[in-house]
$ cat structure.txt   # compact mmCIF, C-alpha atoms and all ligand atoms
# COMPACT_ATOMS: atom_id res chain seq x y z
CA MET I 810 -32.07 -12.49 -1.37
CA LYS I 811 -32.07 -9.68 -3.98
CA ALA I 812 -28.94 -8.84 -5.94
CA ASP I 813 -28.17 -5.22 -6.89
CA ILE I 814 -25.26 -6.14 -9.16
CA VAL I 815 -24.40 -9.44 -10.82
CA ILE I 816 -21.18 -10.06 -12.75
CA LYS I 817 -21.53 -13.21 -14.84
CA ASN I 818 -19.62 -15.25 -17.45
CA ILE I 819 -16.38 -14.12 -15.80
CA SER I 820 -13.43 -15.61 -17.69
CA GLN I 821 -11.23 -15.65 -14.59
CA LEU I 822 -12.61 -14.92 -11.14
CA VAL I 823 -9.82 -14.53 -8.57
CA THR I 824 -11.45 -15.19 -5.20
CA MET I 825 -8.36 -15.57 -2.96
CA GLU I 826 -10.43 -18.10 -1.03
CA GLY I 827 -8.87 -19.37 2.17
CA PRO I 828 -8.29 -18.15 5.69
CA ASP I 829 -8.17 -14.47 6.63
CA ARG I 830 -4.46 -14.48 7.39
CA PRO I 831 -1.24 -13.84 5.48
CA ARG I 832 -0.54 -16.52 2.87
CA ILE I 833 2.96 -18.02 2.76
CA LYS I 834 5.05 -20.30 0.57
CA GLU I 835 2.90 -22.48 -1.74
CA GLU I 836 -0.28 -20.88 -0.37
CA MET I 837 0.68 -17.76 -2.28
CA LYS I 838 0.06 -19.69 -5.51
CA ASN I 839 -3.53 -20.57 -4.62
CA ILE I 840 -5.68 -17.68 -5.75
CA GLY I 841 -8.99 -19.57 -5.67
CA LEU I 842 -9.42 -19.26 -9.42
CA ILE I 843 -12.87 -19.90 -10.91
CA GLU I 844 -13.43 -20.02 -14.67
CA ASN I 845 -16.89 -19.03 -15.95
CA GLY I 846 -17.38 -17.35 -12.60
CA ILE I 847 -20.35 -15.44 -11.23
CA LEU I 848 -20.55 -12.94 -8.39
CA ALA I 849 -23.52 -11.14 -6.81
CA ILE I 850 -23.62 -8.01 -4.68
CA SER I 851 -26.32 -6.60 -2.42
CA GLY I 852 -25.73 -3.14 -0.95
CA ASP I 853 -22.05 -2.97 -0.04
CA GLU I 854 -21.68 -6.71 0.45
CA ILE I 855 -20.81 -9.74 -1.62
CA ILE I 856 -23.68 -12.24 -1.37
CA TYR I 857 -22.53 -14.94 -3.76
CA VAL I 858 -19.33 -16.15 -5.41
CA GLY I 859 -19.35 -19.26 -7.60
CA GLU I 860 -19.32 -20.83 -11.04
CA GLY I 861 -21.94 -20.80 -13.79
CA GLU I 862 -25.39 -19.57 -12.74
CA LEU I 863 -26.77 -18.06 -9.55
CA PRO I 864 -28.55 -20.38 -7.12
CA GLU I 865 -32.33 -19.90 -6.84
CA TYR I 866 -32.22 -18.13 -3.49
CA ILE I 867 -30.47 -15.16 -5.12
CA VAL I 868 -33.00 -13.21 -7.16
CA THR I 869 -32.56 -10.50 -9.74
CA CYS I 870 -35.11 -7.89 -10.82
CA ASP I 871 -35.40 -5.07 -13.36
CA GLU I 872 -33.17 -2.84 -11.27
CA THR I 873 -30.41 -5.40 -10.97
CA LEU I 874 -27.36 -4.38 -12.97
CA ILE I 875 -26.05 -7.35 -14.92
CA ILE I 876 -22.43 -7.03 -16.07
CA ASP I 877 -21.08 -9.41 -18.69
CA GLY I 878 -17.68 -10.69 -17.59
CA THR I 879 -16.87 -12.44 -20.88
CA GLY I 880 -13.16 -11.92 -21.59
CA LYS I 881 -12.66 -10.23 -18.22
CA THR I 882 -10.72 -10.98 -15.06
CA VAL I 883 -12.36 -10.11 -11.75
CA THR I 884 -10.33 -9.70 -8.56
CA PRO I 885 -10.68 -8.23 -5.07
CA GLY I 886 -10.07 -4.47 -4.93
CA LEU I 887 -6.31 -4.00 -4.79
CA VAL I 888 -4.74 -2.84 -1.55
CA ASP I 889 -1.65 -0.58 -1.54
CA PRO I 890 -0.18 -0.78 1.98
CA HIS I 891 2.71 1.69 1.74
CA THR I 892 2.38 5.20 0.33
CA HIS I 893 3.46 8.74 1.16
CA LEU I 894 0.26 10.03 -0.45
CA ILE I 895 0.02 13.45 1.14
CA HIS I 896 2.81 15.91 0.38
CA GLY I 897 3.55 19.26 -1.21
CA GLY I 898 5.58 19.79 -4.38
CA SER I 899 7.54 17.39 -6.55
CA ARG I 900 11.21 16.53 -7.08
CA GLU I 901 11.82 16.24 -10.82
CA ASN I 902 14.93 18.38 -10.15
CA GLU I 903 16.52 15.22 -8.68
CA LEU I 904 16.40 13.41 -12.01
CA SER I 905 19.46 15.13 -13.48
CA MET I 906 21.32 14.73 -10.16
CA LYS I 907 20.56 11.04 -10.28
CA LEU I 908 21.65 10.75 -13.92
CA ASN I 909 24.89 12.47 -12.92
CA GLY I 910 25.53 9.74 -10.37
CA MET I 911 24.36 11.42 -7.16
CA LYS I 912 22.87 8.92 -4.74
CA TYR I 913 19.47 9.21 -3.03
CA MET I 914 21.07 9.45 0.42
CA ASP I 915 23.61 12.06 -0.74
CA ILE I 916 20.78 14.26 -1.99
CA LEU I 917 19.16 13.96 1.46
CA LYS I 918 22.44 14.70 3.24
CA ALA I 919 22.81 17.86 1.15
CA GLY I 920 19.45 19.08 2.48
CA GLY I 921 17.38 17.96 -0.54
CA GLY I 922 15.33 14.80 -0.98
CA ILE I 923 12.82 14.25 1.82
CA LEU I 924 13.84 17.59 3.36
CA SER I 925 12.87 19.51 0.22
CA THR I 926 9.43 17.86 0.29
CA VAL I 927 9.23 18.78 3.99
CA ARG I 928 9.71 22.45 3.10
CA ALA I 929 7.04 22.26 0.38
CA THR I 930 4.62 20.45 2.69
CA GLN I 931 5.12 22.93 5.52
CA LYS I 932 4.32 25.76 3.10
CA ALA I 933 1.26 24.13 1.54
CA SER I 934 -2.22 24.87 2.85
CA PHE I 935 -4.62 22.14 3.94
CA GLU I 936 -6.61 22.68 0.71
CA GLU I 937 -3.52 22.46 -1.50
CA LEU I 938 -2.46 19.19 0.11
CA TYR I 939 -6.01 17.87 -0.11
CA THR I 940 -6.43 18.69 -3.82
CA LYS I 941 -3.07 17.21 -4.77
CA ALA I 942 -3.63 14.00 -2.82
CA GLU I 943 -7.18 13.67 -4.14
CA LYS I 944 -5.85 13.71 -7.70
CA SER I 945 -3.39 10.92 -6.86
CA LEU I 946 -6.09 8.97 -5.11
CA ASN I 947 -8.27 9.15 -8.24
CA THR I 948 -5.37 7.79 -10.27
CA MET I 949 -4.84 4.96 -7.79
CA LEU I 950 -8.53 4.11 -7.94
CA GLU I 951 -8.40 4.03 -11.73
CA PHE I 952 -5.57 1.51 -11.44
CA GLY I 953 -7.79 -0.70 -9.26
CA VAL I 954 -6.74 0.30 -5.74
CA THR I 955 -9.65 0.50 -3.28
CA THR I 956 -7.71 0.72 0.00
CA VAL I 957 -4.48 2.60 0.54
CA GLU I 958 -2.17 3.30 3.44
CA ALA I 959 -0.93 6.90 3.77
CA LYS I 960 1.95 8.10 5.94
CA SER I 961 2.72 11.48 7.38
CA GLY I 962 6.41 12.37 7.63
CA TYR I 963 6.79 15.49 5.53
CA GLY I 964 6.13 17.81 8.43
CA LEU I 965 8.79 16.91 10.96
CA ASP I 966 7.12 19.53 13.15
CA THR I 967 4.02 18.78 15.14
CA GLU I 968 1.67 21.15 13.29
CA THR I 969 2.56 19.95 9.80
CA GLU I 970 2.46 16.28 10.79
CA LEU I 971 -1.04 16.86 12.17
CA LYS I 972 -1.99 18.78 9.01
CA GLN I 973 -1.01 15.83 6.81
CA LEU I 974 -2.92 13.37 8.97
CA ARG I 975 -6.00 15.61 9.05
CA VAL I 976 -5.94 15.77 5.24
CA ALA I 977 -5.84 11.96 5.19
CA LYS I 978 -8.77 11.80 7.60
CA GLU I 979 -10.92 14.15 5.53
CA LEU I 980 -10.04 12.40 2.27
CA ASN I 981 -10.96 9.09 3.86
CA GLU I 982 -14.35 10.50 4.78
CA ARG I 983 -15.07 12.04 1.38
CA HIS I 984 -13.33 9.85 -1.19
CA PRO I 985 -14.41 6.30 -2.06
CA VAL I 986 -10.90 4.89 -1.54
CA ASP I 987 -10.35 3.88 2.08
CA ILE I 988 -7.28 5.46 3.62
CA VAL I 989 -5.46 3.84 6.52
CA SER I 990 -3.24 6.38 8.28
CA THR I 991 0.28 5.95 9.60
CA PHE I 992 2.16 8.50 11.68
CA MET I 993 5.73 8.79 10.42
CA GLY I 994 7.24 11.77 12.21
CA ALA I 995 10.47 9.76 12.14
CA HIS I 996 11.03 10.09 8.40
CA ALA I 997 14.16 12.29 8.44
CA ILE I 998 16.18 14.32 10.94
CA PRO I 999 15.44 18.05 10.48
CA ALA I 1000 18.56 20.15 9.79
CA GLU I 1001 18.36 21.90 13.17
CA TYR I 1002 18.67 18.53 14.99
CA LYS I 1003 21.48 17.16 12.81
CA ASP I 1004 23.89 17.18 15.75
CA SER I 1005 21.35 16.20 18.40
CA PRO I 1006 19.04 13.60 16.81
CA GLU I 1007 18.03 12.26 20.24
CA LYS I 1008 16.35 15.59 20.93
CA PHE I 1009 14.21 15.14 17.84
CA VAL I 1010 13.37 11.58 18.91
CA ASP I 1011 12.21 13.03 22.25
CA ILE I 1012 9.98 15.51 20.43
CA ILE I 1013 8.42 12.72 18.38
CA ILE I 1014 7.76 10.69 21.53
CA ASN I 1015 6.75 13.43 23.95
CA GLU I 1016 5.04 15.97 21.69
CA MET I 1017 3.92 14.43 18.44
CA LEU I 1018 2.71 10.97 19.49
CA PRO I 1019 0.37 12.25 22.26
CA LYS I 1020 -1.24 14.79 19.88
CA VAL I 1021 -1.69 12.25 17.08
CA ALA I 1022 -3.26 9.87 19.58
CA GLU I 1023 -5.48 12.55 21.12
CA GLU I 1024 -7.07 13.27 17.72
CA ASN I 1025 -7.08 9.57 16.86
CA LEU I 1026 -5.30 10.32 13.60
CA ALA I 1027 -3.25 7.16 13.01
CA GLU I 1028 -3.58 3.39 13.35
CA PHE I 1029 0.08 2.71 12.66
CA CYS I 1030 3.47 4.26 13.36
CA ASP I 1031 6.44 3.93 11.00
CA VAL I 1032 10.14 4.88 11.19
CA PHE I 1033 12.77 5.24 8.44
CA CYS I 1034 15.34 2.94 10.06
CA GLU I 1035 18.41 3.44 7.89
CA GLU I 1036 22.05 4.42 8.11
CA GLY I 1037 22.13 8.22 8.35
CA VAL I 1038 18.47 8.48 9.37
CA PHE I 1039 17.13 6.71 12.51
CA THR I 1040 19.18 4.05 14.30
CA VAL I 1041 17.81 0.69 15.36
CA ASP I 1042 17.73 1.89 18.99
CA GLN I 1043 15.88 5.09 18.13
CA THR I 1044 13.44 3.13 15.97
CA ARG I 1045 12.76 0.71 18.82
CA ARG I 1046 12.15 3.58 21.26
CA ILE I 1047 9.72 5.36 18.96
CA LEU I 1048 7.77 2.27 17.96
CA ASN I 1049 7.50 1.02 21.55
CA ALA I 1050 6.22 4.44 22.62
CA ALA I 1051 3.71 4.42 19.75
CA ARG I 1052 2.40 1.06 20.85
CA GLU I 1053 1.56 2.58 24.24
CA TYR I 1054 -0.83 4.84 22.35
CA GLY I 1055 -2.30 1.92 20.43
CA MET I 1056 -0.43 2.61 17.18
CA LEU I 1057 0.90 -0.59 15.65
CA PRO I 1058 4.49 -0.64 14.37
CA ARG I 1059 5.72 -0.88 10.79
CA VAL I 1060 9.31 -0.21 9.71
CA HIS I 1061 11.17 1.12 6.66
CA ALA I 1062 13.79 -1.58 7.00
CA ASP I 1063 17.08 -2.24 5.20
CA GLU I 1064 16.14 -0.19 2.14
CA ILE I 1065 19.67 0.81 1.25
CA GLU I 1066 22.14 -0.73 3.72
CA PRO I 1067 21.88 -3.93 5.79
CA PHE I 1068 21.09 -2.25 9.09
CA GLY I 1069 19.25 -4.76 11.26
CA GLY I 1070 15.81 -3.47 10.31
CA ALA I 1071 14.33 -6.89 9.51
CA GLU I 1072 15.69 -8.23 12.82
CA LEU I 1073 14.18 -5.32 14.71
CA ALA I 1074 10.81 -5.76 12.99
CA ALA I 1075 10.78 -9.38 14.15
CA GLU I 1076 11.95 -8.50 17.66
CA ILE I 1077 9.20 -5.94 18.26
CA GLU I 1078 6.64 -7.91 16.24
CA ALA I 1079 5.95 -5.14 13.77
CA ILE I 1080 3.02 -5.69 11.43
CA SER I 1081 5.28 -5.24 8.44
CA ALA I 1082 8.86 -4.53 7.46
CA ASP I 1083 9.03 -2.62 4.20
CA HIS I 1084 11.67 -2.43 1.42
CA LEU I 1085 14.12 -5.11 2.70
CA VAL I 1086 16.38 -4.74 -0.34
CA ALA I 1087 19.48 -5.20 1.84
CA ALA I 1088 17.91 -7.45 4.50
CA SER I 1089 20.05 -10.25 5.90
CA GLU I 1090 18.97 -13.86 5.60
CA ALA I 1091 18.98 -14.12 9.40
CA GLY I 1092 16.56 -11.19 9.50
CA MET I 1093 14.31 -12.84 6.94
CA ARG I 1094 14.28 -16.05 8.95
CA MET I 1095 13.33 -14.13 12.08
CA MET I 1096 10.51 -12.45 10.15
CA ALA I 1097 9.27 -15.82 8.91
CA ASP I 1098 9.26 -17.17 12.50
CA LYS I 1099 7.13 -14.28 13.72
CA GLY I 1100 4.92 -13.98 10.63
CA ILE I 1101 6.01 -10.41 9.91
CA ILE I 1102 4.80 -9.27 6.49
CA ALA I 1103 7.40 -8.11 3.97
CA ASP I 1104 6.01 -5.16 2.01
CA LEU I 1105 8.18 -5.09 -1.08
CA LEU I 1106 8.47 -1.96 -3.22
CA PRO I 1107 10.14 -2.84 -6.52
CA ALA I 1108 9.14 0.41 -8.27
CA THR I 1109 11.30 2.24 -5.73
CA SER I 1110 14.27 -0.05 -6.40
CA PHE I 1111 13.75 0.41 -10.13
CA ASN I 1112 13.61 4.17 -9.77
CA LEU I 1113 16.63 4.42 -7.46
CA ALA I 1114 18.43 2.74 -10.37
CA THR I 1115 21.06 1.00 -8.28
CA GLY I 1116 20.22 -2.38 -9.79
CA LYS I 1117 19.44 -3.82 -6.34
CA PHE I 1118 16.09 -5.46 -5.57
CA ALA I 1119 14.61 -7.32 -2.61
CA ASN I 1120 15.08 -11.08 -2.66
CA ALA I 1121 11.42 -12.02 -2.90
CA ARG I 1122 12.11 -15.63 -3.89
CA LYS I 1123 14.21 -16.19 -0.78
CA MET I 1124 11.55 -14.63 1.42
CA ILE I 1125 8.79 -16.77 -0.06
CA GLU I 1126 10.98 -19.88 0.26
CA LEU I 1127 11.62 -19.11 3.94
CA GLY I 1128 7.92 -18.55 4.63
CA VAL I 1129 7.81 -14.77 4.91
CA PRO I 1130 4.39 -13.48 3.76
CA VAL I 1131 4.99 -11.02 0.93
CA ALA I 1132 2.88 -7.96 0.07
CA LEU I 1133 3.59 -5.35 -2.62
CA SER I 1134 3.21 -1.56 -2.69
CA THR I 1135 3.84 1.42 -4.89
CA ASP I 1136 5.60 3.40 -2.11
CA TYR I 1137 4.07 6.36 -3.98
CA ASN I 1138 6.14 9.39 -2.95
CA PRO I 1139 7.65 12.41 -4.73
CA GLY I 1140 11.25 11.18 -4.39
CA SER I 1141 12.05 7.51 -4.73
CA SER I 1142 8.78 6.34 -6.30
CA PRO I 1143 6.71 8.98 -8.05
CA THR I 1144 4.06 6.61 -9.41
CA GLU I 1145 0.55 5.66 -8.31
CA ASN I 1146 0.53 2.69 -10.69
CA LEU I 1147 0.27 -0.55 -8.69
CA GLN I 1148 -0.08 -2.56 -11.92
CA LEU I 1149 3.43 -1.45 -12.90
CA VAL I 1150 4.65 -2.60 -9.48
CA MET I 1151 3.01 -5.97 -10.17
CA TYR I 1152 4.91 -6.19 -13.44
CA PHE I 1153 8.23 -5.39 -11.74
CA ALA I 1154 7.43 -7.94 -9.02
CA SER I 1155 6.96 -10.61 -11.61
CA LEU I 1156 9.70 -9.84 -14.13
CA ILE I 1157 12.37 -8.59 -11.71
CA LEU I 1158 11.51 -10.19 -8.35
CA ARG I 1159 10.51 -13.39 -10.21
CA MET I 1160 7.15 -13.74 -8.49
CA THR I 1161 4.49 -15.70 -10.40
CA PRO I 1162 1.29 -13.86 -11.38
CA GLU I 1163 -0.54 -15.87 -8.70
CA GLU I 1164 1.94 -14.78 -6.02
CA VAL I 1165 1.67 -11.21 -7.24
CA PHE I 1166 -2.13 -11.18 -6.93
CA THR I 1167 -1.90 -12.72 -3.44
CA ALA I 1168 0.56 -9.98 -2.51
CA VAL I 1169 -1.70 -7.10 -3.61
CA THR I 1170 -4.94 -8.50 -2.19
CA ILE I 1171 -5.13 -10.68 0.94
CA ASN I 1172 -1.52 -10.21 2.09
CA SER I 1173 -1.66 -6.44 1.72
CA ALA I 1174 -5.06 -6.42 3.46
CA CYS I 1175 -3.40 -8.31 6.33
CA SER I 1176 -0.63 -5.74 6.38
CA LEU I 1177 -3.32 -3.11 7.10
CA ARG I 1178 -5.27 -5.33 9.49
CA ARG I 1179 -8.29 -5.35 7.19
CA GLU I 1180 -8.22 -9.04 6.25
CA GLU I 1181 -11.63 -9.82 7.71
CA ILE I 1182 -13.33 -7.17 5.58
CA ILE I 1183 -11.38 -7.02 2.30
CA GLY I 1184 -8.64 -8.82 0.36
CA SER I 1185 -10.74 -11.74 -0.89
CA LEU I 1186 -14.08 -12.30 -2.57
CA ARG I 1187 -16.40 -14.26 -0.34
CA LYS I 1188 -19.99 -14.03 0.87
CA GLY I 1189 -20.16 -11.42 3.62
CA LYS I 1190 -17.04 -9.52 2.62
CA ARG I 1191 -17.18 -5.96 1.36
CA ALA I 1192 -17.92 -5.49 -2.33
CA ASP I 1193 -14.58 -3.94 -3.33
CA ILE I 1194 -14.04 -5.44 -6.77
CA VAL I 1195 -11.95 -4.81 -9.89
CA ILE I 1196 -12.99 -5.90 -13.37
CA PHE I 1197 -9.95 -6.01 -15.64
CA ASP I 1198 -10.41 -5.86 -19.39
CA SER I 1199 -8.10 -8.87 -19.65
CA PRO I 1200 -8.99 -12.52 -20.24
CA ASN I 1201 -6.66 -13.87 -17.55
CA ILE I 1202 -4.23 -12.81 -14.84
CA ASN I 1203 -1.15 -13.62 -16.91
CA TYR I 1204 -2.28 -11.13 -19.53
CA ILE I 1205 -2.43 -8.34 -16.95
CA ILE I 1206 1.22 -8.88 -16.05
CA TYR I 1207 2.44 -9.62 -19.57
CA HIS I 1208 0.91 -6.61 -21.35
CA PHE I 1209 2.76 -4.08 -19.25
CA GLY I 1210 2.78 -0.33 -18.82
CA ILE I 1211 -0.91 0.26 -19.46
CA ASN I 1212 -3.98 0.34 -17.25
CA HIS I 1213 -6.06 -2.84 -17.63
CA VAL I 1214 -8.90 -1.69 -15.40
CA ASP I 1215 -12.37 -1.51 -16.90
CA ILE I 1216 -14.66 -1.18 -13.85
CA VAL I 1217 -14.01 -0.64 -10.15
CA ILE I 1218 -16.73 -1.33 -7.61
CA LYS I 1219 -16.16 0.19 -4.18
CA ASN I 1220 -18.54 -0.56 -1.30
CA GLY I 1221 -20.98 -1.99 -3.86
CA LYS I 1222 -20.98 1.12 -6.10
CA ILE I 1223 -19.41 1.54 -9.52
CA VAL I 1224 -16.82 4.29 -9.13
CA VAL I 1225 -14.67 3.66 -12.23
CA GLU I 1226 -15.99 2.89 -15.71
CA LYS I 1227 -13.82 2.26 -18.79
CA GLY I 1228 -10.84 2.95 -16.55
CA ARG I 1229 -12.04 6.45 -15.60
CA THR I 1230 -13.45 7.73 -12.32
CA LYS I 1231 -17.12 8.62 -12.55
CA GLY I 1232 -17.15 12.39 -11.94
CA ALA I 1233 -16.01 14.12 -8.76
CA PHE I 1234 -16.38 12.51 -5.36
O1 LIG I 1301 10.35 11.37 -0.06
O2 LIG I 1301 12.08 10.18 -0.58
N1 LIG I 1301 12.47 6.35 1.24
N2 LIG I 1301 11.24 7.76 2.30
C1 LIG I 1301 12.09 6.70 2.55
C2 LIG I 1301 11.11 8.05 1.07
C3 LIG I 1301 11.88 7.14 0.37
C4 LIG I 1301 10.24 9.12 0.53
C5 LIG I 1301 10.97 10.27 -0.08
ZN ZN I 1302 8.23 4.67 2.19

$ encode --input "structure.txt" --output "structure tokens" --more "lines below"
Ligand code: IZC
Ligand code: ZN
Amino acid sequence: MKADIVIKNISQLVTMEGPDRPRIKEEMKNIGLIENGILAISGDEIIYVGEGELPEYIVTCDETLIIDGTGKTVTPGLVDPHTHLIHGGSRENELSMKLNGMKYMDILKAGGGILSTVRATQKASFEELYTKAEKSLNTMLEFGVTTVEAKSGYGLDTETELKQLRVAKELNERHPVDIVSTFMGAHAIPAEYKDSPEKFVDIIINEMLPKVAEENLAEFCDVFCEEGVFTVDQTRRILNAAREYGMLPRVHADEIEPFGGAELAAEIEAISADHLVAASEAGMRMMADKGIIADLLPATSFNLATGKFANARKMIELGVPVALSTDYNPGSSPTENLQLVMYFASLILRMTPEEVFTAVTINSACSLRREEIIGSLRKGKRADIVIFDSPNINYIIYHFGINHVDIVIKNGKIVVEKGRTKGAF
């Protein structure tokens, strides 16, 4: 078999070997580490992962690109399973409000926050949304992310929700990063439905969901289940209706107040419950029982500056599979930098570097139902690979605030070199 690319002498090769399912408890510490590793790619596939030299049946020729992995760490392409990638405008105006003590939910209640991004997104053209999201996607790729989830939810009217999802679809077709789409019409209650939220829930169920399904624009459906936004009952109704259209449920759960979101996620067997900063222990136990993935978003907690963070250690102890995300959005987490999230996860959530890498590779791939294709480095899996200019995984976490990526390989092609995307896509 002929190799197109070989990476050899790899100081630390993180394979994430093991079954294609969410890793829990002690399993999260086993990252399948190989020192002096070697990896070979043919086309868009991994054909060999091991130690030392290639076996004889893998051949190289003049055209084979040989990359020296001395002093480098090689991992699966990172997966970011929770972002609000496509939106108009930005919200730096909220910074001074926040510094003056105004809370995230108070800004929303006053008609700002999510609702101000809704206005900007409704106004923006398809091309404007596309260009802005493409720029963010390039940044994510430069930070090592090869698959990303993207939610709608800044339309809150059928046309704008569809516009966001169509942008995601076109970006997915044109850009090397894979985009997995989530319909999130239930992101906030529009001002005109403030006194009749059930009417808006009906619109989501009867108007939006059928149109999203008709154009096949989303694999998942998400709801912001939170005090002052959507109730547990409304969330259940929407996510059950979405399932009828084949969209799998995920939930923004217990981000700010303990609200029964984790319990609901377990009850309806959501793929993931995200945030969980205020989740109850009973809810966590229910999630562990059902194998619901906890997508934790520590950059959001950091940026909300309330000092409250999800209890990752408790979740891991109870057997909840943990994934990590940027939650990239213009309000509570305006950063595309998953490496910074990994740093927060380690230093604030007290996750070990091994647990962190499990969370951003195989567990996040599971959260997007892509675990058979990506999330680990194994013969037959897709060649989505990051080469970090770091001698070991601890160094990546320890030396924080910078981008450690040297090369990103997506579908067997080099798309980032020296931490920079190679031209326009
Ligand atoms: O735009 O503030 N939490 N949704 C739920 C967000 C944060 C995004 C935003
Ligand atoms: Zn979110």

$ residues_near_point --input "structure.txt" --point "(0.8, 18.1, 5.3)" --cutoff "12 Å" --atoms "all atoms listed in the file" --output "PDB file with C-alpha atoms, keeping the file's coordinate frame"
ATOM      1  CA  HIS I 893       3.460   8.740   1.160  1.00  0.00           C
ATOM      2  CA  LEU I 894       0.260  10.030  -0.450  1.00  0.00           C
ATOM      3  CA  ILE I 895       0.020  13.450   1.140  1.00  0.00           C
ATOM      4  CA  HIS I 896       2.810  15.910   0.380  1.00  0.00           C
ATOM      5  CA  GLY I 897       3.550  19.260  -1.210  1.00  0.00           C
ATOM      6  CA  GLY I 898       5.580  19.790  -4.380  1.00  0.00           C
ATOM      7  CA  THR I 926       9.430  17.860   0.290  1.00  0.00           C
ATOM      8  CA  VAL I 927       9.230  18.780   3.990  1.00  0.00           C
ATOM      9  CA  ARG I 928       9.710  22.450   3.100  1.00  0.00           C
ATOM     10  CA  ALA I 929       7.040  22.260   0.380  1.00  0.00           C
ATOM     11  CA  THR I 930       4.620  20.450   2.690  1.00  0.00           C
ATOM     12  CA  GLN I 931       5.120  22.930   5.520  1.00  0.00           C
ATOM     13  CA  LYS I 932       4.320  25.760   3.100  1.00  0.00           C
ATOM     14  CA  ALA I 933       1.260  24.130   1.540  1.00  0.00           C
ATOM     15  CA  SER I 934      -2.220  24.870   2.850  1.00  0.00           C
ATOM     16  CA  PHE I 935      -4.620  22.140   3.940  1.00  0.00           C
ATOM     17  CA  GLU I 936      -6.610  22.680   0.710  1.00  0.00           C
ATOM     18  CA  GLU I 937      -3.520  22.460  -1.500  1.00  0.00           C
ATOM     19  CA  LEU I 938      -2.460  19.190   0.110  1.00  0.00           C
ATOM     20  CA  TYR I 939      -6.010  17.870  -0.110  1.00  0.00           C
ATOM     21  CA  THR I 940      -6.430  18.690  -3.820  1.00  0.00           C
ATOM     22  CA  LYS I 941      -3.070  17.210  -4.770  1.00  0.00           C
ATOM     23  CA  ALA I 942      -3.630  14.000  -2.820  1.00  0.00           C
ATOM     24  CA  ALA I 959      -0.930   6.900   3.770  1.00  0.00           C
ATOM     25  CA  LYS I 960       1.950   8.100   5.940  1.00  0.00           C
ATOM     26  CA  SER I 961       2.720  11.480   7.380  1.00  0.00           C
ATOM     27  CA  GLY I 962       6.410  12.370   7.630  1.00  0.00           C
ATOM     28  CA  TYR I 963       6.790  15.490   5.530  1.00  0.00           C
ATOM     29  CA  GLY I 964       6.130  17.810   8.430  1.00  0.00           C
ATOM     30  CA  LEU I 965       8.790  16.910  10.960  1.00  0.00           C
ATOM     31  CA  ASP I 966       7.120  19.530  13.150  1.00  0.00           C
ATOM     32  CA  THR I 967       4.020  18.780  15.140  1.00  0.00           C
ATOM     33  CA  GLU I 968       1.670  21.150  13.290  1.00  0.00           C
ATOM     34  CA  THR I 969       2.560  19.950   9.800  1.00  0.00           C
ATOM     35  CA  GLU I 970       2.460  16.280  10.790  1.00  0.00           C
ATOM     36  CA  LEU I 971      -1.040  16.860  12.170  1.00  0.00           C
ATOM     37  CA  LYS I 972      -1.990  18.780   9.010  1.00  0.00           C
ATOM     38  CA  GLN I 973      -1.010  15.830   6.810  1.00  0.00           C
ATOM     39  CA  LEU I 974      -2.920  13.370   8.970  1.00  0.00           C
ATOM     40  CA  ARG I 975      -6.000  15.610   9.050  1.00  0.00           C
ATOM     41  CA  VAL I 976      -5.940  15.770   5.240  1.00  0.00           C
ATOM     42  CA  ALA I 977      -5.840  11.960   5.190  1.00  0.00           C
ATOM     43  CA  LYS I 978      -8.770  11.800   7.600  1.00  0.00           C
ATOM     44  CA  PHE I 992       2.160   8.500  11.680  1.00  0.00           C
ATOM     45  CA  MET I 993       5.730   8.790  10.420  1.00  0.00           C
ATOM     46  CA  GLY I 994       7.240  11.770  12.210  1.00  0.00           C
TER      47      GLY I 994
END

$ atom_distance --input "structure.txt" --atom1 "CA of Lys1008 in chain I" --atom2 "CA of Ala1088 in chain I"
28.3 Å

$ closest_residue --input "structure.txt" --among "I:Leu904, I:Leu980, I:Val1131, I:Leu917" --to "ligand LIG 1301 (chain I)" --atoms "all atoms listed in the file"
I:Leu917

$ axis_aligned_box --input "structure.txt" --around "range 1104-1107 of chain I" --padding-each-side "4 Å" --output "JSON"
{"center_x": 8.1, "center_y": -3.6, "center_z": -2.3, "size_x": 12.1, "size_y": 11.2, "size_z": 16.5}

$ closest_residue --input "structure.txt" --among "I:Ala1114, I:Ala1071, I:Leu1147, I:Val1225" --to "Ala1087 in chain I" --atoms "only C-alpha atoms"
I:Ala1071
